[in-house]
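Structure file run_14.txt; described as compact mmCIF, C-alpha atoms.
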```txt
# COMPACT_ATOMS: atom_id res chain seq x y z
CA MET F 2 104.87 114.97 115.76
CA HIS F 3 106.72 114.45 112.52
CA GLU F 4 109.05 117.46 112.59
CA LEU F 5 112.11 115.27 112.11
CA SER F 6 110.92 113.98 108.74
CA VAL F 7 109.84 117.52 107.77
CA ALA F 8 113.34 118.78 108.71
CA GLN F 9 114.83 116.04 106.53
CA SER F 10 112.65 117.15 103.58
CA ILE F 11 113.86 120.74 104.05
CA LEU F 12 117.46 119.51 104.14
CA ASP F 13 116.86 117.59 100.88
CA ILE F 14 115.45 120.72 99.22
CA VAL F 15 118.53 122.72 100.29
CA HIS F 16 120.82 120.01 98.88
CA GLN F 17 118.93 120.07 95.60
CA SER F 18 118.91 123.88 95.34
CA VAL F 19 122.49 124.80 96.30
CA PRO F 20 125.64 123.67 94.46
CA GLN F 21 127.61 121.11 96.52
CA ASP F 22 130.63 123.41 97.02
CA GLU F 23 128.48 126.25 98.34
CA LEU F 24 126.54 124.28 100.98
CA ALA F 25 128.89 125.50 103.72
CA ASP F 26 127.97 129.10 102.81
CA VAL F 27 124.27 128.62 103.56
CA ARG F 28 123.27 130.76 106.55
CA ILE F 29 119.49 131.09 106.44
CA VAL F 30 116.74 128.86 105.04
CA ARG F 31 113.43 130.77 104.96
CA VAL F 32 110.32 128.68 105.55
CA LYS F 33 106.67 129.75 105.36
CA VAL F 34 104.68 128.04 108.12
CA GLY F 35 100.90 128.33 108.16
CA THR F 36 98.92 128.19 111.42
CA PHE F 37 97.47 124.86 110.27
CA SER F 38 100.59 123.43 108.63
CA GLY F 39 100.69 120.86 111.41
CA VAL F 40 104.25 121.58 112.49
CA VAL F 41 105.65 123.38 115.51
CA ALA F 42 108.29 125.87 114.36
CA ASP F 43 110.48 125.56 117.50
CA SER F 44 110.48 121.81 117.23
CA LEU F 45 111.28 121.98 113.51
CA ASP F 46 114.16 124.35 114.27
CA PHE F 47 115.51 121.92 116.87
CA CYS F 48 115.26 118.94 114.49
CA PHE F 49 116.94 120.85 111.66
CA SER F 50 119.93 121.80 113.82
CA ALA F 51 120.18 118.22 115.06
CA ILE F 52 120.42 116.73 111.56
CA SER F 53 122.57 119.48 110.03
CA ALA F 54 125.17 119.50 112.84
CA GLU F 55 128.60 118.29 111.74
CA THR F 56 127.59 118.54 108.08
CA PRO F 57 128.47 121.32 105.60
CA LEU F 58 125.11 122.88 106.56
CA ALA F 59 126.08 123.24 110.23
CA LYS F 60 125.98 127.05 110.02
CA ALA F 61 122.53 127.14 108.39
CA ARG F 62 119.50 128.02 110.48
CA LEU F 63 115.79 128.16 109.73
CA GLU F 64 113.93 131.46 109.66
CA PHE F 65 110.16 131.25 109.80
CA GLU F 66 107.48 133.43 108.26
CA HIS F 67 104.23 132.67 110.07
CA ILE F 68 101.17 132.73 107.83
CA PRO F 69 97.81 133.35 109.54
CA PHE F 70 94.70 131.28 108.90
CA ALA F 71 92.67 133.60 106.67
CA VAL F 72 89.22 132.99 105.25
CA GLU F 73 87.15 134.93 102.72
CA CYS F 74 83.36 135.00 102.93
CA ARG F 75 81.81 134.65 99.48
CA GLN F 76 78.52 135.99 100.81
CA CYS F 77 79.64 139.38 102.22
CA GLN F 78 83.15 139.45 100.66
CA LYS F 79 84.78 140.16 104.04
CA THR F 80 88.10 138.54 104.90
CA PHE F 81 88.77 137.35 108.44
CA GLU F 82 91.59 135.69 110.36
CA ASN F 83 91.64 133.44 113.42
CA ASP F 84 93.89 130.80 114.92
CA ILE F 85 91.15 128.36 115.90
CA GLY F 86 90.17 127.19 112.43
CA PHE F 87 86.62 128.59 112.25
CA VAL F 88 85.45 129.05 108.68
CA VAL F 89 81.97 130.41 109.42
CA CYS F 90 81.89 134.17 108.69
CA PRO F 91 81.84 136.15 111.98
CA VAL F 92 80.24 139.13 110.20
CA CYS F 93 77.24 137.66 108.34
CA GLY F 94 77.25 134.04 109.57
CA GLY F 95 77.77 132.79 106.01
CA VAL F 96 79.14 129.30 105.49
CA ASP F 97 80.11 129.72 101.84
CA THR F 98 83.70 130.63 102.60
CA ALA F 99 87.12 129.94 101.12
CA VAL F 100 90.34 129.38 103.04
CA LEU F 101 92.91 131.84 101.67
CA SER F 102 95.95 130.87 103.69
CA GLY F 103 97.20 129.10 106.80
CA ARG F 104 98.15 125.68 105.47
CA GLU F 105 101.55 126.61 104.00
CA LEU F 106 104.69 124.65 104.62
CA GLN F 107 107.12 125.89 102.04
CA VAL F 108 110.81 126.68 101.59
CA THR F 109 110.93 130.12 99.96
CA GLU F 110 114.55 131.32 100.00
CA ILE F 111 118.05 130.24 100.86
CA GLU F 112 120.56 132.91 101.89
CA LEU F 113 124.28 132.32 101.39
CA GLU F 114 127.30 134.21 102.68
CA ASN F 115 129.77 134.71 99.83
CA GLU F 116 133.56 135.02 99.87
CA LYS F 117 133.32 138.78 99.56
CA ASP F 118 131.02 139.05 102.63
CA LYS F 119 133.60 137.12 104.64
CA ILE F 120 136.39 139.56 103.65
CA ALA F 121 134.23 142.57 104.41
CA MET P 15 125.38 137.74 100.36
CA SER P 16 123.34 135.97 97.73
CA ILE P 17 119.82 134.60 97.79
CA ILE P 18 118.46 131.59 96.00
CA THR P 19 114.71 131.72 95.47
CA VAL P 20 113.23 128.28 95.97
CA GLU P 21 109.42 128.35 96.52
CA ARG P 22 109.03 124.62 97.05
CA LYS P 23 106.48 122.84 99.20
CA VAL P 24 108.22 120.84 101.91
CA LEU P 25 105.85 117.90 101.43
CA GLU P 26 106.05 118.03 97.61
CA LYS P 27 107.51 114.52 97.42
CA ASN P 28 104.52 113.13 99.32
CA ASP P 29 102.09 115.14 97.15
CA GLU P 30 103.72 113.82 93.98
CA ILE P 31 103.35 110.19 95.08
CA ALA P 32 99.78 110.92 96.23
CA ARG P 33 99.01 112.16 92.70
CA ARG P 34 100.44 108.91 91.34
CA ASN P 35 98.28 106.88 93.76
CA ARG P 36 95.22 108.91 92.75
CA ALA P 37 95.89 108.13 89.08
CA THR P 38 96.20 104.41 89.90
CA PHE P 39 92.92 104.48 91.85
CA SER P 40 91.11 106.30 89.08
CA GLN P 41 92.42 103.88 86.42
CA ARG P 42 91.06 100.97 88.46
CA HIS P 43 87.75 102.77 89.16
CA LEU P 44 88.52 102.39 92.86
CA PHE P 45 86.76 104.54 95.44
CA VAL P 46 89.27 105.22 98.21
CA ILE P 47 88.67 106.64 101.66
CA ASN P 48 91.20 107.58 104.31
CA LEU P 49 89.72 106.79 107.73
CA VAL P 50 91.18 109.00 110.46
CA SER P 51 90.53 109.58 114.17
CA SER P 52 92.14 109.52 117.58
CA PRO P 53 93.07 106.06 118.94
CA GLY P 54 90.13 104.06 120.24
CA SER P 55 87.27 105.94 118.59
CA GLY P 56 86.18 102.83 116.71
CA LYS P 57 87.71 102.99 113.22
CA THR P 58 88.34 99.25 113.05
CA SER P 59 84.88 98.44 114.44
CA ILE P 60 83.28 100.68 111.80
CA LEU P 61 85.34 98.85 109.19
CA GLU P 62 84.13 95.49 110.50
CA ARG P 63 80.50 96.61 110.46
CA THR P 64 81.01 98.01 106.94
CA LEU P 65 82.47 94.72 105.68
CA GLU P 66 79.59 92.84 107.32
CA TYR P 67 77.07 95.13 105.61
CA PHE P 68 78.58 94.67 102.15
CA ASN P 69 79.04 90.94 102.83
CA LYS P 70 81.18 90.44 99.68
CA ARG P 71 78.39 91.93 97.53
CA VAL P 72 80.75 94.86 97.08
CA LYS P 73 84.38 93.82 97.19
CA VAL P 74 86.31 95.90 99.70
CA ALA P 75 90.08 95.94 100.34
CA VAL P 76 91.71 97.39 103.42
CA ILE P 77 95.07 98.96 104.23
CA GLU P 78 95.64 99.03 107.99
CA GLY P 79 98.05 101.51 109.55
CA ASP P 80 99.29 101.05 113.10
CA VAL P 81 102.34 101.98 115.10
CA GLN P 82 102.80 98.36 116.20
CA THR P 83 101.17 94.91 115.79
CA ASP P 84 99.01 93.43 113.05
CA PHE P 85 96.02 92.96 115.36
CA ASP P 86 93.75 95.06 113.15
CA ALA P 87 94.69 93.21 109.96
CA GLN P 88 93.88 89.95 111.77
CA ARG P 89 90.44 91.32 112.69
CA ILE P 90 89.77 92.35 109.07
CA ALA P 91 91.09 89.08 107.58
CA ARG P 92 88.22 87.25 109.32
CA TYR P 93 85.89 88.94 106.83
CA ASP P 94 87.78 87.46 103.91
CA ALA P 95 88.72 90.89 102.60
CA PRO P 96 92.12 91.56 101.00
CA VAL P 97 94.07 93.34 103.72
CA VAL P 98 97.62 94.56 104.22
CA GLN P 99 99.03 95.88 107.47
CA ILE P 100 101.47 98.79 107.52
CA VAL P 101 103.42 98.93 110.79
CA THR P 102 104.94 102.39 111.08
CA ASN P 103 107.27 101.51 114.00
CA GLY P 104 106.64 104.76 115.81
CA GLY P 105 105.66 106.85 112.77
CA CYS P 106 102.65 109.01 113.62
CA HIS P 107 100.88 108.90 110.24
CA LEU P 108 100.72 107.08 106.93
CA ASP P 109 102.29 108.81 103.95
CA ALA P 110 101.69 108.36 100.24
CA LYS P 111 104.82 106.23 99.75
CA LEU P 112 103.78 103.73 102.43
CA VAL P 113 100.40 103.40 100.69
CA GLU P 114 102.01 103.05 97.25
CA ASP P 115 104.21 100.24 98.56
CA ALA P 116 101.28 98.54 100.29
CA LEU P 117 99.26 98.57 97.05
CA GLY P 118 101.87 96.21 95.59
CA SER P 119 100.91 93.49 98.03
CA LEU P 120 97.12 93.82 97.67
CA ASP P 121 95.08 91.79 95.21
CA LEU P 122 92.71 94.45 93.86
CA THR P 123 90.93 92.21 91.35
CA GLY P 124 87.23 93.10 91.46
CA VAL P 125 87.74 95.54 94.33
CA LYS P 126 85.48 98.61 94.20
CA LEU P 127 86.22 100.20 97.54
CA LEU P 128 89.57 100.62 99.28
CA ILE P 129 89.53 101.77 102.88
CA ILE P 130 92.79 103.01 104.36
CA GLU P 131 92.67 103.02 108.14
CA ASN P 132 95.23 105.59 109.24
CA VAL P 133 97.25 105.55 112.45
CA GLY P 134 95.10 106.68 115.40
CA ASN P 135 96.13 110.32 115.65
CA LEU P 136 94.06 113.49 115.22
CA VAL P 137 97.02 115.70 114.26
CA CYS P 138 99.60 114.40 111.81
CA PRO P 139 97.54 112.38 109.27
CA SER P 140 95.64 115.54 108.30
CA ASN P 141 98.63 116.95 106.41
CA TYR P 142 99.48 113.88 104.35
CA ASP P 143 97.54 113.30 101.17
CA LEU P 144 97.53 109.57 100.35
CA GLY P 145 95.73 109.96 97.03
CA GLU P 146 92.33 109.18 98.56
CA GLU P 147 89.01 110.49 97.32
CA MET P 148 88.11 111.78 100.75
CA LYS P 149 89.04 111.71 104.41
CA VAL P 150 86.43 110.35 106.79
CA VAL P 151 86.97 111.44 110.39
CA VAL P 152 85.52 109.45 113.29
CA ALA P 153 84.77 111.16 116.62
CA SER P 154 83.28 109.04 119.40
CA THR P 155 80.94 110.32 122.08
CA THR P 156 83.33 109.14 124.82
CA GLU P 157 85.91 111.68 123.60
CA GLY P 158 83.59 114.57 124.45
CA ASP P 159 82.01 117.19 122.21
CA ASP P 160 84.98 119.57 121.97
CA LYS P 161 87.30 117.47 119.77
CA PRO P 162 86.64 119.47 116.56
CA LEU P 163 87.71 122.66 118.34
CA LYS P 164 90.80 121.06 119.86
CA TYR P 165 91.92 119.41 116.62
CA PRO P 166 90.50 121.64 113.86
CA GLY P 167 93.06 120.63 111.21
CA MET P 168 91.64 117.14 110.88
CA PHE P 169 88.02 118.31 110.68
CA GLN P 170 88.96 120.92 108.06
CA HIS P 171 90.40 118.28 105.76
CA ALA P 172 87.61 115.71 106.14
CA SER P 173 84.51 115.40 103.94
CA VAL P 174 82.60 113.09 106.27
CA LEU P 175 82.23 112.93 110.05
CA ILE P 176 81.09 109.70 111.70
CA ILE P 177 79.97 110.23 115.30
CA ASN P 178 80.47 106.79 116.82
CA LYS P 179 79.44 105.10 120.10
CA ILE P 180 76.09 106.90 120.17
CA ASP P 181 74.74 104.06 122.36
CA LEU P 182 76.93 105.46 125.17
CA LEU P 183 75.42 108.97 125.03
CA PRO P 184 73.35 108.49 128.25
CA TYR P 185 76.51 107.69 130.20
CA VAL P 186 79.00 110.27 128.94
CA ASN P 187 79.39 114.00 129.13
CA CYS P 188 78.84 114.71 125.47
CA SER P 189 76.12 116.72 123.76
CA MET P 190 75.38 115.58 120.23
CA ASN P 191 74.21 119.07 119.23
CA THR P 192 77.36 120.72 120.58
CA LEU P 193 79.59 118.18 118.87
CA LYS P 194 77.88 118.76 115.53
CA ARG P 195 77.82 122.54 115.94
CA ASN P 196 81.55 122.56 116.77
CA ALA P 197 82.39 120.38 113.77
CA LEU P 198 80.32 122.50 111.37
CA GLN P 199 82.00 125.71 112.59
CA ILE P 200 85.27 124.21 111.40
CA ASN P 201 83.86 122.69 108.24
CA PRO P 202 80.25 123.50 107.23
CA SER P 203 80.29 121.04 104.30
CA LEU P 204 80.87 117.97 106.51
CA LYS P 205 78.43 115.13 105.86
CA VAL P 206 77.55 113.70 109.29
CA PHE P 207 76.59 110.13 110.25
CA GLU P 208 75.74 108.85 113.73
CA THR P 209 76.64 105.25 114.45
CA SER P 210 76.98 102.60 117.11
CA CYS P 211 79.01 99.52 116.25
CA THR P 212 77.45 97.68 119.20
CA THR P 213 73.78 98.20 118.31
CA LYS P 214 74.61 98.68 114.58
CA SER P 215 72.49 101.83 114.60
CA GLY P 216 73.36 104.14 111.69
CA ILE P 217 75.59 101.58 109.95
CA ALA P 218 73.12 101.01 107.11
CA GLU P 219 72.85 104.77 106.45
CA TRP P 220 76.63 105.16 106.33
CA CYS P 221 77.11 102.11 104.13
CA SER P 222 74.37 102.93 101.64
CA TRP P 223 75.78 106.45 101.23
CA LEU P 224 79.21 104.88 100.69
CA GLU P 225 77.76 102.48 98.13
CA GLN P 226 76.23 105.34 96.16
CA ASN P 227 79.68 106.85 95.83
CA ILE P 228 81.42 103.72 94.62
CA HIS P 229 82.44 103.99 90.99
CA HIS P 230 80.39 101.90 88.66
CA GLU P 231 81.58 100.00 85.61
CA ASP P 232 81.60 103.16 83.49
CA GLY P 233 83.96 104.73 86.01
CA GLU P 234 81.44 107.31 87.20
CA GLY P 235 80.38 107.79 90.80
CA LYS P 236 76.60 108.17 91.10
CA ASP P 237 76.36 111.00 93.54
CA ILE P 238 79.50 112.29 95.06
CA GLY P 239 77.73 114.64 97.47
CA ALA P 240 81.02 115.60 99.10
CA THR P 241 84.08 117.49 98.03
CA ARG P 242 87.70 116.71 98.51
CA ARG P 243 89.47 119.36 100.56
```
Produce structure tokens that represent the structure in this file.
Amino acid sequence: MHELSVAQSILDIVHQSVPQDELADVRIVRVKVGTFSGVVADSLDFCFSAISAETPLAKARLEFEHIPFAVECRQCQKTFENDIGFVVCPVCGGVDTAVLSGRELQVTEIELENEKDKIA
Amino acid sequence: MSIITVERKVLEKNDEIARRNRATFSQRHLFVINLVSSPGSGKTSILERTLEYFNKRVKVAVIEGDVQTDFDAQRIARYDAPVVQIVTNGGCHLDAKLVEDALGSLDLTGVKLLIIENVGNLVCPSNYDLGEEMKVVVASTTEGDDKPLKYPGMFQHASVLIINKIDLLPYVNCSMNTLKRNALQINPSLKVFETSCTTKSGIAEWCSWLEQNIHHEDGEGKDIGATRR
């Protein structure tokens, strides 16, 4: 369980991507989380709110996009998904397969609320 | 509302340092393995048997990772191998920065093989690249034959599986065939060794394979036979 250090890395990325005087406007940080990224989204969410509380980022929350574990069989060209990590093709039994996705852990977007949103 | 597009890997800092470590290893023609497993599967015993086998013929250095104590480094130091202990103080895995810092206190003169023994944990170490050539996962027969299915992430990232404590097979509820089948479902390219550190069975096979992979003076490995994932 290393969600706290992962949350800290996300916080660092936000600090590096948003100008200092706009940090308080950050509302949503979008994070892609693959099935085999090794982190638990709920736990990451909890850690992020713990370390951002009472900072300019207090109003920011994480929004997750879950990415399934997907594998392509090079033998029969079929693509399959599972959440148990099997890479053997369930269609033809082929073992020459390539993992397409499921290991992501990536900050994709940061959404800010501007002055004009607040007035509206 | 405005949106800033970022597209940055959360562990990019670790990956960057791992790339730096990899460059250092390659410059020094060092073959580096990252030894991972759950606690108590026999990583340190395999290391001891490996050091015994090479008996200074091949110079091996060791980085030990543990949550607390330097017990393992003390065990390794008896073999006269350069060793440094990383105590993570609760941290569940080694990261590339810890390894980079540890390299500073290791005398790597003449060293051909560096073995990094990770913290005993089948989850977290799988996501942290240390700059190694390959991960070697140890599963012992006493843990049962379903470990690869319960902890697939680690088996996906490994190139080699050492099944340890095979001398205990008659006494434990573990089928060798099932264990192997489960592991190969997760990662069909795994190279599998079967060892016992008590009877020393399988140690010579593992070590001679390892020796074939060690980089020679010209910087080339003889037969890599395994891919980094």
Expected answer as a ChimeraX atom specification: chain P residues within 12 Å of chain F, all atoms listed in the file: /P:15-28,104-109,135-142,162-171,195-204,243
Using all atoms of stretch 17-32 of chain P listed in the file and a margin of 5 Å per side, can you give the axis-aligned box centre and edge lengths in Å to one decimal, as JSON?
```
{"center_x": 109.8, "center_y": 122.4, "center_z": 97.9, "size_x": 30.0, "size_y": 34.4, "size_z": 17.9}
```
Go through F:Leu101, F:Leu24, F:Cys93, F:His16 and flag the residue nearest F:Leu58, using all atoms listed in the file for the distances. F:Leu24
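Distances to P:Glu78 were evaluated for P:Leu182, P:Leu61, P:Val97, P:Ala91 using all atoms listed in the file, and the minimum falls at P:Val97.
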Computed interatomic separation between atom CA of F:His67 and atom CA of P:Lys161 (Å): 24.7 Å
Interatomic distance, atom CA of P:Lys73 to atom CA of P:Ala37 (Å, one decimal):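 Interatomic distance, atom CA of P:Lys73 to atom CA of P:Ala37: 20.1 Å.
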Mind giving me the straight-line distance from atom CA of F:Cys77 to atom CA of F:Gly94 in Å, one decimal? 9.4 Å
Counting all atoms listed in the file, I want the residues whose atoms come within 7 Å of (95.0, 107.2, 103.9) in the file frame, returned as a PyMOL selection string. chain P and resi 47-49+108+130-132+144+146
With only C-alpha atoms as the atoms that count, which of P:Thr212, P:Thr156, P:Thr38, P:Gln226 lies nearest to P:Leu117?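 Looking only at the distances to P:Leu117, the closest residue turns out to be P:Thr38.
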Can we get stretch 73-130 of chain P of that structure written down with C-alpha atoms, as an mmCIF file, in the first residue's frame?
```cif
data_model
loop_
_atom_site.group_PDB
_atom_site.id
_atom_site.type_symbol
_atom_site.label_atom_id
_atom_site.label_comp_id
_atom_site.auth_asym_id
_atom_site.auth_seq_id
_atom_site.Cartn_x
_atom_site.Cartn_y
_atom_site.Cartn_z
ATOM 1 C CA LYS P 73 32.025 -11.000 -8.119
ATOM 2 C CA VAL P 74 28.514 -10.307 -6.873
ATOM 3 C CA ALA P 75 27.237 -7.232 -4.995
ATOM 4 C CA VAL P 76 23.977 -7.087 -3.093
ATOM 5 C CA ILE P 77 21.484 -4.381 -2.166
ATOM 6 C CA GLU P 78 19.190 -5.563 0.628
ATOM 7 C CA GLY P 79 15.782 -3.987 1.154
ATOM 8 C CA ASP P 80 13.875 -4.510 4.384
ATOM 9 C CA VAL P 81 11.301 -2.647 6.397
ATOM 10 C CA GLN P 82 13.460 -2.927 9.526
ATOM 11 C CA THR P 83 16.816 -4.386 10.697
ATOM 12 C CA ASP P 84 20.032 -5.146 8.835
ATOM 13 C CA PHE P 85 19.818 -8.881 9.573
ATOM 14 C CA ASP P 86 19.919 -9.790 5.879
ATOM 15 C CA ALA P 87 22.950 -7.615 5.140
ATOM 16 C CA GLN P 88 24.725 -9.327 8.059
ATOM 17 C CA ARG P 89 23.928 -12.728 6.532
ATOM 18 C CA ILE P 90 25.282 -11.637 3.132
ATOM 19 C CA ALA P 91 28.405 -9.969 4.580
ATOM 20 C CA ARG P 92 29.573 -13.405 5.779
ATOM 21 C CA TYR P 93 30.164 -14.272 2.126
ATOM 22 C CA ASP P 94 32.532 -11.344 1.721
ATOM 23 C CA ALA P 95 30.313 -9.733 -0.896
ATOM 24 C CA PRO P 96 29.873 -5.947 -1.094
ATOM 25 C CA VAL P 97 26.476 -5.337 0.478
ATOM 26 C CA VAL P 98 24.396 -2.339 1.471
ATOM 27 C CA GLN P 99 21.191 -2.476 3.483
ATOM 28 C CA ILE P 100 18.273 -0.169 2.712
ATOM 29 C CA VAL P 101 15.880 0.095 5.660
ATOM 30 C CA THR P 102 12.609 1.508 4.364
ATOM 31 C CA ASN P 103 11.130 2.213 7.827
ATOM 32 C CA GLY P 104 7.681 1.012 6.889
ATOM 33 C CA GLY P 105 7.948 1.617 3.129
ATOM 34 C CA CYS P 106 6.463 -1.330 1.248
ATOM 35 C CA HIS P 107 8.852 -1.388 -1.731
ATOM 36 C CA LEU P 108 12.192 -0.135 -2.996
ATOM 37 C CA ASP P 109 12.113 2.705 -5.506
ATOM 38 C CA ALA P 110 14.685 3.821 -8.049
ATOM 39 C CA LYS P 111 15.907 6.716 -5.884
ATOM 40 C CA LEU P 112 16.649 4.439 -2.912
ATOM 41 C CA VAL P 113 18.680 2.197 -5.235
ATOM 42 C CA GLU P 114 20.500 5.172 -6.798
ATOM 43 C CA ASP P 115 21.485 6.390 -3.330
ATOM 44 C CA ALA P 116 22.557 2.905 -2.242
ATOM 45 C CA LEU P 117 24.821 2.574 -5.300
ATOM 46 C CA GLY P 118 26.903 5.434 -3.878
ATOM 47 C CA SER P 119 27.932 3.325 -0.909
ATOM 48 C CA LEU P 120 28.756 0.129 -2.839
ATOM 49 C CA ASP P 121 32.225 -0.683 -4.117
ATOM 50 C CA LEU P 122 31.418 -2.038 -7.580
ATOM 51 C CA THR P 123 35.023 -2.621 -8.665
ATOM 52 C CA GLY P 124 35.124 -5.917 -10.562
ATOM 53 C CA VAL P 125 31.463 -6.625 -9.841
ATOM 54 C CA LYS P 126 29.620 -8.419 -12.665
ATOM 55 C CA LEU P 127 26.320 -9.175 -11.010
ATOM 56 C CA LEU P 128 24.227 -6.962 -8.752
ATOM 57 C CA ILE P 129 21.305 -8.554 -6.953
ATOM 58 C CA ILE P 130 18.728 -6.248 -5.413
#
```
